[in-house]
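For reference, the structure discussed in these notes is given below.
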Amino acid sequence: MDKLVIQGGAPLRGAIAVSGSKNAALPILMASILAEEPITYTNVPRLRDIFTTNKLLAILGCPAEFDGHTVTVTPCDLKPEAPYDLVKTMRASVLCLGPLLARLGEARVALPGGCAIGARPVDLHLTALEKMGATFDLDSGYIQGHCKKLRGAHIHFDFPTVGGTENLLMAATLAEGETVLENVAREPEVVDLANFLIACGAKIEGHGSSIIKVQGVSRLGGCEYRIMPDRIEAGTFMVAAGITGGDLLLTDCPFEELEAVIAKLRDMGLVIEREGARDVRVTHNGHLRARDVTTRPFPGFPTDMQAQIMALMTIASGAGVVEETIFENRFMHVPELVRMGADVKLSGHTAVVRGVQRLIGAPVMASDLRASASLVLAGLAAQGETHVQRIYHLDRGYERIEEKLNAVGARITRMPE
Ligand code: EPZ
């Protein structure tokens, strides 16, 4: 396993290109199962989870060629089974369930295990698909699903689940009749998926709002589609500028999709300005102030930025309360930040962060994707050397992160643990 060795204290200055969005690319690649013609995807990030998805697509009968940042998928004779040894490495594999039922009327998907941040059940996906006529059995750790033909239904989600919305949106595109999905996720990645499906011939309206309507069609064709830029990677780099007292220009950077994050970072003292159509400049006015943060479904503050903004708060003046409302165990970065001298007190779903003068570099352990990012950010600001171990978590969601950061003045080396 690899680790990152970070010499802290250097302000980051220069330009960083934001890569394509992991959380848009995963469902959009999975949606190729629905299409009957080849699809070309551009701006696809070269990440572990994308390679895993391409492997799964090949097993399901949709061979995927990855060339640079372009993926070409050619749907062939579909197979219904997503094997455990792949699904256990990537929960998002469950997103093949809806497309397989829609195309084949059959799906056998290993029940995705939990992960460090929580149990991550898929009950909302299954209940909703049952309303469309699917039946499910749990057979030795696999979800075995069947349906004659999915039929349109009126579905109200108990919680605006991102994955559940994506699975049902994909399933509904080929169902008989109209499907109304209520209390759906409004995340930009859901909107990107809907735009992709429409480009393939799907009939969808309301994406981005809480109610999506889908008219089922008989088939979906191919298309060429550019994946949206990654708002969470962009938000992570905004924090990198703030935590190092630097000045970064983020190119191909989302803005509207990051409103809640930008508002909070500005409130903490960062200066964030658009430059041209697609670039954003981030500096800070010399004084960081801690603020309270509560994670919420979009358009609220995203849970995927909670660990990163907490790292920033550890060296801001004053105290801030961080409340995590989406996942039950998403504070794994806290004990590691405390090892670096941070003052963070946990109580259930809430963390109280009191700013300290400075962090001190230390050996720390990554536990999940965004916790790893938080530790890298803390290492960039800390005095001395930080060793972030088990960075395979980081490689799932950040493309060449040490190359991108070293190009703007960071001092990071990747080496075996
Ligand atoms: C997606 O996960 C993202 N992953 C996550 O990003 C993100 O944190 C999450 O949405 C919330 O924004 C991808 O898009 C691949 P959910 P997902 O279904 O779809 C509970 C990252 O760091 N729930 O909205 O799994 C669930 O347990 C990753 O990039 C049920 O109870 O999120 C969780 O507590 C981490 N039953 C909450 O809802 C269900 O059937 C949110 O889950 C489904 C979800």
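Here's how to read the names in the structure tokens: chain A, B, ... by the order shown, residue numbers from 1 in each chain, ligand numbers from 1 in the order shown.
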Compile the contact shell of Ala381 of chain A as a ChimeraX atom specification: residues with an atom at most 7 Å away, counting only C-alpha atoms, same-chain residues fewer than 6 positions apart removed.
-> /A:8-9,243-244,359
Restrict the selected residues to N, CA, C and O atoms and save them as a short mmCIF file (atom, residue, chain, number, x, y, z; two decimals), in the first residue's frame.
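See out33.cif below for the written result:
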```
data_model
loop_
_atom_site.label_atom_id
_atom_site.label_comp_id
_atom_site.auth_asym_id
_atom_site.auth_seq_id
_atom_site.Cartn_x
_atom_site.Cartn_y
_atom_site.Cartn_z
N GLY A 8 4.68 20.27 5.01
CA GLY A 8 3.67 21.33 5.10
C GLY A 8 4.27 22.73 5.06
O GLY A 8 5.47 22.90 5.06
N GLY A 9 3.38 23.73 4.98
CA GLY A 9 3.77 25.13 5.16
C GLY A 9 3.91 25.93 3.88
O GLY A 9 4.08 27.15 3.94
N ILE A 243 -6.37 26.89 3.24
CA ILE A 243 -5.64 26.33 4.38
C ILE A 243 -4.13 26.61 4.29
O ILE A 243 -3.41 26.59 5.28
N THR A 244 -3.67 26.92 3.04
CA THR A 244 -2.23 27.22 2.88
C THR A 244 -1.98 28.72 2.71
O THR A 244 -0.85 29.14 2.49
N LEU A 359 -1.17 23.33 13.05
CA LEU A 359 -1.14 21.87 13.13
C LEU A 359 0.31 21.41 13.04
O LEU A 359 1.16 22.11 12.47
#
```
Set the cut-off to 7 Å, count only C-alpha atoms and all ligand atoms, and list whatever residues fall near ligand 1 as JSON, numbers by chain.
-> {"A": [23, 24, 26, 92, 118, 119, 120, 121, 122, 123, 124, 125, 159, 160, 161, 162, 163, 164, 297, 302, 303, 304, 326, 327, 328, 369, 370, 397]}
Can you tell me how far atom CA of Glu65 of chain A sits from atom CA of Asn43 of chain A, in Å to one decimal?
-> 13.9 Å
Could you name the residues that touch Arg411 of chain A at 9 Å or less, counting only C-alpha atoms, but leaving out those on the same chain fewer than 6 positions away, as a list of chain:residue names?
->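 My reading of the contact set: A:Val5, A:Ile6, A:Gln7, A:Gly8, A:Ala10, A:Leu380, A:Glu402, A:Leu405.
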Residues near Leu181 of chain A, cut-off 12 Å, only C-alpha atoms, skip fewer than 2 positions along chain, as a PyMOL selection string = chain A and resi 125+128-129+131-132+152-161+164-172+178-179+183-186+204-215
By how many Å are atom CA of Gln383 of chain A and atom CA of Arg289 of chain A apart?
->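 Between these atoms lies a distance of 20.1 Å.
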Test item, strand (DSSP E) assignment across segment 175-353 of chain A, answer as number ranges by chain | A: 178-182, 203-205, 211-215, 224-226, 247-251, 270-275, 279-284, 293-294, 319-323, 343-347, 350-353
